[in-house]
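**Student:** Input file: work-v4.pdb. Contents: PDB, C-alpha atoms.
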```
ATOM      1  CA  MET A   1     -19.843  12.071  -5.338
ATOM      2  CA  PHE A   2     -16.528  13.152  -3.838
ATOM      3  CA  ALA A   3     -13.386  11.163  -3.054
ATOM      4  CA  VAL A   4     -11.549  12.497  -0.029
ATOM      5  CA  SER A   5      -8.761  11.173   2.157
ATOM      6  CA  ILE A   6      -8.646  11.300   5.944
ATOM      7  CA  PRO A   7      -5.534  13.527   6.110
ATOM      8  CA  GLN A   8      -7.284  15.987   3.818
ATOM      9  CA  LEU A   9      -9.962  16.561   6.444
ATOM     10  CA  ILE A  10      -7.401  17.426   9.099
ATOM     11  CA  SER A  11      -6.893  21.137   8.767
ATOM     12  CA  ASN A  12      -3.350  21.226  10.210
ATOM     13  CA  TYR A  13      -1.923  18.988   7.499
ATOM     14  CA  LYS A  14      -2.049  19.331   3.759
ATOM     15  CA  CYS A  15      -1.019  15.732   3.127
ATOM     16  CA  CYS A  16      -3.439  14.197   0.690
ATOM     17  CA  PHE A  17      -3.708  12.764  -2.801
ATOM     18  CA  LEU A  18      -2.221  14.843  -5.609
ATOM     19  CA  GLN A  19      -5.421  14.804  -7.576
ATOM     20  CA  LEU A  20      -8.896  14.037  -6.287
ATOM     21  CA  ARG A  21     -11.825  13.446  -8.601
ATOM     22  CA  CYS A  22     -14.842  15.458  -7.680
ATOM     23  CA  GLU A  23     -18.167  16.119  -9.293
ATOM     24  CA  ASN A  24     -20.406  18.196  -7.067
ATOM     25  CA  VAL A  25     -18.126  20.418  -4.996
ATOM     26  CA  ASP A  26     -19.994  23.677  -4.779
ATOM     27  CA  GLY A  27     -20.345  23.811  -1.009
ATOM     28  CA  PHE A  28     -18.302  20.796  -0.011
ATOM     29  CA  HIS A  29     -14.839  22.112  -0.794
ATOM     30  CA  THR A  30     -15.547  25.414   0.906
ATOM     31  CA  MET A  31     -17.032  23.724   3.992
ATOM     32  CA  TYR A  32     -13.831  21.740   4.579
ATOM     33  CA  ASN A  33     -11.531  24.555   3.417
ATOM     34  CA  LEU A  34     -10.289  22.510   0.465
ATOM     35  CA  PRO A  35      -8.533  24.046  -2.521
ATOM     36  CA  ASN A  36     -10.536  25.172  -5.485
ATOM     37  CA  VAL A  37     -11.238  22.888  -8.406
ATOM     38  CA  ASP A  38      -9.564  23.498 -11.741
ATOM     39  CA  ALA A  39     -11.386  23.465 -15.082
ATOM     40  CA  ARG A  40     -11.235  19.673 -15.425
ATOM     41  CA  GLY A  41     -12.957  19.038 -12.114
ATOM     42  CA  MET A  42      -9.707  17.988 -10.431
ATOM     43  CA  MET A  43      -8.356  19.286  -7.184
ATOM     44  CA  VAL A  44      -4.617  19.748  -7.291
ATOM     45  CA  HIS A  45      -2.848  20.066  -3.964
ATOM     46  CA  GLU A  46       0.513  21.652  -3.393
ATOM     47  CA  PHE A  47       2.638  19.412  -1.216
ATOM     48  CA  TRP A  48       5.473  21.850  -0.977
ATOM     49  CA  VAL A  49       3.548  24.511   0.923
ATOM     50  CA  LYS A  50       4.691  25.467   4.387
ATOM     51  CA  GLU A  51       2.464  22.940   6.177
ATOM     52  CA  GLY A  52       3.219  20.125   3.705
ATOM     53  CA  TYR A  53       5.793  18.228   5.761
ATOM     54  CA  CYS A  54       4.036  14.906   5.326
ATOM     55  CA  VAL A  55       5.282  14.209   1.824
ATOM     56  CA  LYS A  56       8.812  15.283   2.706
ATOM     57  CA  TYR A  57       8.857  12.685   5.474
ATOM     58  CA  ILE A  58       7.414  10.039   3.168
ATOM     59  CA  PHE A  59      10.144  10.651   0.591
ATOM     60  CA  GLN A  60      12.852  10.639   3.277
ATOM     61  CA  PHE A  61      11.535   7.358   4.645
ATOM     62  CA  ALA A  62      11.401   5.974   1.098
ATOM     63  CA  ARG A  63      15.078   6.855   0.594
ATOM     64  CA  ILE A  64      16.048   5.082   3.810
ATOM     65  CA  THR A  65      13.892   2.102   2.873
ATOM     66  CA  ALA A  66      15.544   1.954  -0.567
ATOM     67  CA  PHE A  67      18.940   1.522   1.088
ATOM     68  CA  CYS A  68      17.487  -1.191   3.331
ATOM     69  CA  LEU A  69      16.125  -2.956   0.250
ATOM     70  CA  ALA A  70      19.507  -2.679  -1.493
ATOM     71  CA  GLY A  71      21.069  -4.234   1.612
ATOM     72  CA  GLU A  72      18.586  -7.112   1.440
ATOM     73  CA  VAL A  73      19.477  -7.685  -2.210
ATOM     74  CA  LEU A  74      23.207  -7.657  -1.427
ATOM     75  CA  ALA A  75      22.719 -10.091   1.453
ATOM     76  CA  ALA A  76      20.835 -12.448  -0.850
ATOM     77  CA  VAL A  77      23.393 -12.180  -3.660
ATOM     78  CA  LEU A  78      26.704 -12.130  -1.780
ATOM     79  CA  PRO A  79      27.756 -15.315   0.023
ATOM     80  CA  LEU A  80      29.135 -13.436   3.053
ATOM     81  CA  PRO A  81      27.678 -13.887   6.560
ATOM     82  CA  ILE A  82      26.898 -10.177   6.930
ATOM     83  CA  PRO A  83      23.359  -9.069   7.863
ATOM     84  CA  ALA A  84      21.361  -7.134   5.299
ATOM     85  CA  SER A  85      20.963  -4.202   7.662
ATOM     86  CA  VAL A  86      24.738  -3.781   7.802
ATOM     87  CA  TYR A  87      24.915  -3.762   3.995
ATOM     88  CA  GLY A  88      22.162  -1.148   3.851
ATOM     89  CA  LEU A  89      23.859   0.987   6.485
ATOM     90  CA  LEU A  90      27.194   0.798   4.675
ATOM     91  CA  LEU A  91      25.547   1.709   1.374
ATOM     92  CA  MET A  92      23.897   4.723   2.992
ATOM     93  CA  VAL A  93      27.178   5.846   4.578
ATOM     94  CA  VAL A  94      28.946   5.557   1.216
ATOM     95  CA  ALA A  95      26.145   7.509  -0.483
ATOM     96  CA  LEU A  96      26.343  10.228   2.177
ATOM     97  CA  LYS A  97      30.141  10.437   1.988
ATOM     98  CA  THR A  98      30.240  10.552  -1.810
ATOM     99  CA  GLY A  99      27.458  13.126  -2.031
ATOM    100  CA  LEU A 100      24.987  10.900  -3.868
ATOM    101  CA  LEU A 101      22.668  11.390  -0.915
ATOM    102  CA  LYS A 102      22.517  14.675   0.938
ATOM    103  CA  LEU A 103      22.051  14.649   4.694
ATOM    104  CA  GLU A 104      19.103  17.019   4.345
ATOM    105  CA  GLN A 105      17.345  14.363   2.255
ATOM    106  CA  VAL A 106      17.115  11.968   5.233
ATOM    107  CA  ARG A 107      17.795  14.092   8.322
ATOM    108  CA  GLU A 108      14.331  14.616   9.827
ATOM    109  CA  THR A 109      13.147  11.053   9.336
ATOM    110  CA  GLY A 110      16.474   9.707  10.609
ATOM    111  CA  LEU A 111      16.150  11.810  13.753
ATOM    112  CA  PHE A 112      12.591  10.582  14.196
ATOM    113  CA  LEU A 113      13.630   6.939  13.798
ATOM    114  CA  THR A 114      16.493   7.287  16.262
ATOM    115  CA  GLY A 115      14.097   9.029  18.644
ATOM    116  CA  ILE A 116      11.722   6.073  18.667
ATOM    117  CA  PHE A 117      14.547   3.519  18.586
ATOM    118  CA  PRO A 118      13.850   2.139  22.094
ATOM    119  CA  LEU A 119      10.242   1.529  21.081
ATOM    120  CA  LEU A 120      11.450  -0.744  18.288
ATOM    121  CA  PHE A 121      12.878  -3.146  20.889
ATOM    122  CA  VAL A 122       9.506  -3.783  22.515
ATOM    123  CA  PRO A 123       8.616  -6.783  20.288
ATOM    124  CA  ALA A 124      12.004  -8.384  20.960
ATOM    125  CA  ALA A 125      11.598  -7.852  24.707
ATOM    126  CA  ALA A 126       8.104  -9.348  24.549
ATOM    127  CA  GLY A 127       9.541 -12.393  22.788
ATOM    128  CA  VAL A 128      12.189 -12.787  25.487
ATOM    129  CA  MET A 129       9.534 -12.552  28.191
ATOM    130  CA  GLU A 130       7.509 -15.208  26.413
ATOM    131  CA  LEU A 131      10.505 -17.556  26.369
ATOM    132  CA  TRP A 132      11.643 -16.688  29.893
ATOM    133  CA  ALA A 133      10.935 -20.185  31.268
ATOM    134  CA  GLU A 134      13.213 -21.794  28.685
ATOM    135  CA  MET A 135      15.853 -19.099  29.157
ATOM    136  CA  GLY A 136      15.786 -19.504  32.929
ATOM    137  CA  GLU A 137      17.590 -22.817  32.609
ATOM    138  CA  MET A 138      20.325 -21.175  30.527
ATOM    139  CA  LEU A 139      20.619 -18.000  32.627
ATOM    140  CA  LEU A 140      24.094 -18.672  33.986
ATOM    141  CA  PRO A 141      25.716 -19.384  30.584
ATOM    142  CA  ILE A 142      23.962 -16.338  29.111
ATOM    143  CA  VAL A 143      25.252 -14.048  31.881
ATOM    144  CA  ILE A 144      28.738 -15.554  31.607
ATOM    145  CA  ALA A 145      28.702 -14.768  27.874
ATOM    146  CA  ILE A 146      27.134 -11.317  28.081
ATOM    147  CA  ILE A 147      29.270  -9.716  30.814
ATOM    148  CA  PRO A 148      32.733 -10.255  29.252
ATOM    149  CA  VAL A 149      31.496  -9.320  25.778
ATOM    150  CA  THR A 150      29.959  -6.103  27.125
ATOM    151  CA  VAL A 151      33.192  -5.195  28.912
ATOM    152  CA  LEU A 152      35.204  -6.023  25.775
ATOM    153  CA  VAL A 153      32.987  -3.784  23.626
ATOM    154  CA  LEU A 154      33.190  -0.913  26.123
ATOM    155  CA  VAL A 155      36.978  -1.150  26.410
ATOM    156  CA  SER A 156      37.553  -1.454  22.672
ATOM    157  CA  ALA A 157      35.199   1.452  21.901
ATOM    158  CA  GLY A 158      36.869   3.613  24.559
ATOM    159  CA  ARG A 159      40.397   2.791  23.354
ATOM    160  CA  THR A 160      39.443   3.445  19.745
ATOM    161  CA  THR A 161      37.902   6.795  20.662
ATOM    162  CA  GLN A 162      40.980   7.765  22.677
ATOM    163  CA  ALA A 163      43.315   6.772  19.832
ATOM    164  CA  LEU A 164      41.321   8.724  17.260
ATOM    165  CA  THR A 165      41.081  11.766  19.537
ATOM    166  CA  SER A 166      44.817  11.785  20.262
ATOM    167  CA  ARG A 167      45.582  11.309  16.550
ATOM    168  CA  ARG A 168      43.337  14.255  15.678
ATOM    169  CA  ALA A 169      44.929  16.405  18.392
ATOM    170  CA  ALA A 170      48.418  15.491  17.136
ATOM    171  CA  ARG A 171      47.397  16.391  13.588
ATOM    172  CA  LYS A 172      46.080  19.769  14.733
ATOM    173  CA  GLU A 173      49.295  20.463  16.625
ATOM    174  CA  ALA A 174      51.330  19.557  13.549
ATOM    175  CA  GLU A 175      49.268  21.967  11.446
ATOM    176  CA  HIS A 176      49.800  24.833  13.929
ATOM    177  CA  ASP A 177      53.574  24.304  14.080
TER     178      ASP A 177
END
```
Translate the structure of the given file into structure tokens.
**Tutor:**
Amino acid sequence: MFAVSIPQLISNYKCCFLQLRCENVDGFHTMYNLPNVDARGMMVHEFWVKEGYCVKYIFQFARITAFCLAGEVLAAVLPLPIPASVYGLLLMVVALKTGLLKLEQVRETGLFLTGIFPLLFVPAAAGVMELWAEMGEMLLPIVIAIIPVTVLVLVSAGRTTQALTSRRAARKEAEHD
């Protein structure tokens, strides 16, 4: 009898359980190129080998999820009308700025999540398409609300960026003088 996980059978990845119980492994572990068994009949895998990226990503995702959970707790405890995701994001920014969390501890998973970010909007778009008949009656008020708000956000973001850029340039000039 042998307990094996699916990722263990994929030769490109070494992402599997830390210890696997095995009884009769004479030819089985060599057939699937599995590590040797120690004296107790346990297979011990090294996650930190060169191909062992899977666990690193799991731990990075767990760190990000921990900040999301802390944001949910803050949103439930504090009586402010701020979404939990904003609390979690602010907590992560503070942890990154103070050095409690290193960027390398969340970088790869963060890049992956921002890479698939448009895919995360598919369920919301499907919900809008499902309610399109009801929204069709309110189309004009929705457009009247969306267009000015979009312009306001673009203008305010542009002005803020210009102000910060000019302030930074002025500071650099003051340092060179």
**Student:** Quick one: pull the distance between atom CA of Met92 of chain A and atom CA of Cys54 of chain A, Å, one decimal.
**Tutor:** 22.4 Å
**Student:** Excluding segment 71-80 of chain A and its own-chain neighbours fewer than 5 positions away, which residues fall within 12 Å of it when counting all atoms listed in the file? Please give them as a list in words.
**Tutor:**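 Neighbouring residues, sequence-local ones excluded: Ile64, Thr65, Ala66, Ser85, Val86, Tyr87, Gly88, Leu89, Leu90, Leu91 and Met92 of chain A.
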**Student:** What box, with edges along x, y and z, holds each listed atom of segment 146-161 of chain A when 6 Å is added on every side, and can you state its centre and edge lengths in Å to one decimal, as AutoDock Vina command-line options?
**Tutor:**
```
--center_x 33.8 --center_y -2.3 --center_z 25.3 --size_x 25.3 --size_y 30.1 --size_z 23.1
```
**Student:** Figure out the distance between atom CA of Pro83 of chain A and atom CA of Arg107 of chain A, please, to one decimal in Å.
**Tutor:**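 Taking atom CA of Arg107 of chain A as the start and atom CA of Pro83 of chain A as the end point, the length is 23.8 Å.
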**Student:** Measure the distance from atom CA of Ala95 of chain A to atom CA of Leu69 of chain A in Å and round it to one decimal.
**Tutor:**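 These atoms are spaced 14.5 Å apart.
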**Student:** Convert the output of the PyMOL selection byres ((chain A and resi 106) around 10) on the shown file into explicit residues, formatted as a CSV table (one decimal) with C-alpha atoms, in the coordinates of the input.
**Tutor:**
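Result file result_17.csv:
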```
chain,number,residue,atom,x,y,z
A,56,LYS,CA,8.8,15.3,2.7
A,57,TYR,CA,8.9,12.7,5.5
A,59,PHE,CA,10.1,10.7,0.6
A,60,GLN,CA,12.9,10.6,3.3
A,61,PHE,CA,11.5,7.4,4.6
A,62,ALA,CA,11.4,6.0,1.1
A,63,ARG,CA,15.1,6.9,0.6
A,64,ILE,CA,16.0,5.1,3.8
A,96,LEU,CA,26.3,10.2,2.2
A,101,LEU,CA,22.7,11.4,-0.9
A,102,LYS,CA,22.5,14.7,0.9
A,103,LEU,CA,22.1,14.6,4.7
A,104,GLU,CA,19.1,17.0,4.3
A,105,GLN,CA,17.3,14.4,2.3
A,107,ARG,CA,17.8,14.1,8.3
A,108,GLU,CA,14.3,14.6,9.8
A,109,THR,CA,13.1,11.1,9.3
A,110,GLY,CA,16.5,9.7,10.6
A,111,LEU,CA,16.2,11.8,13.8
```
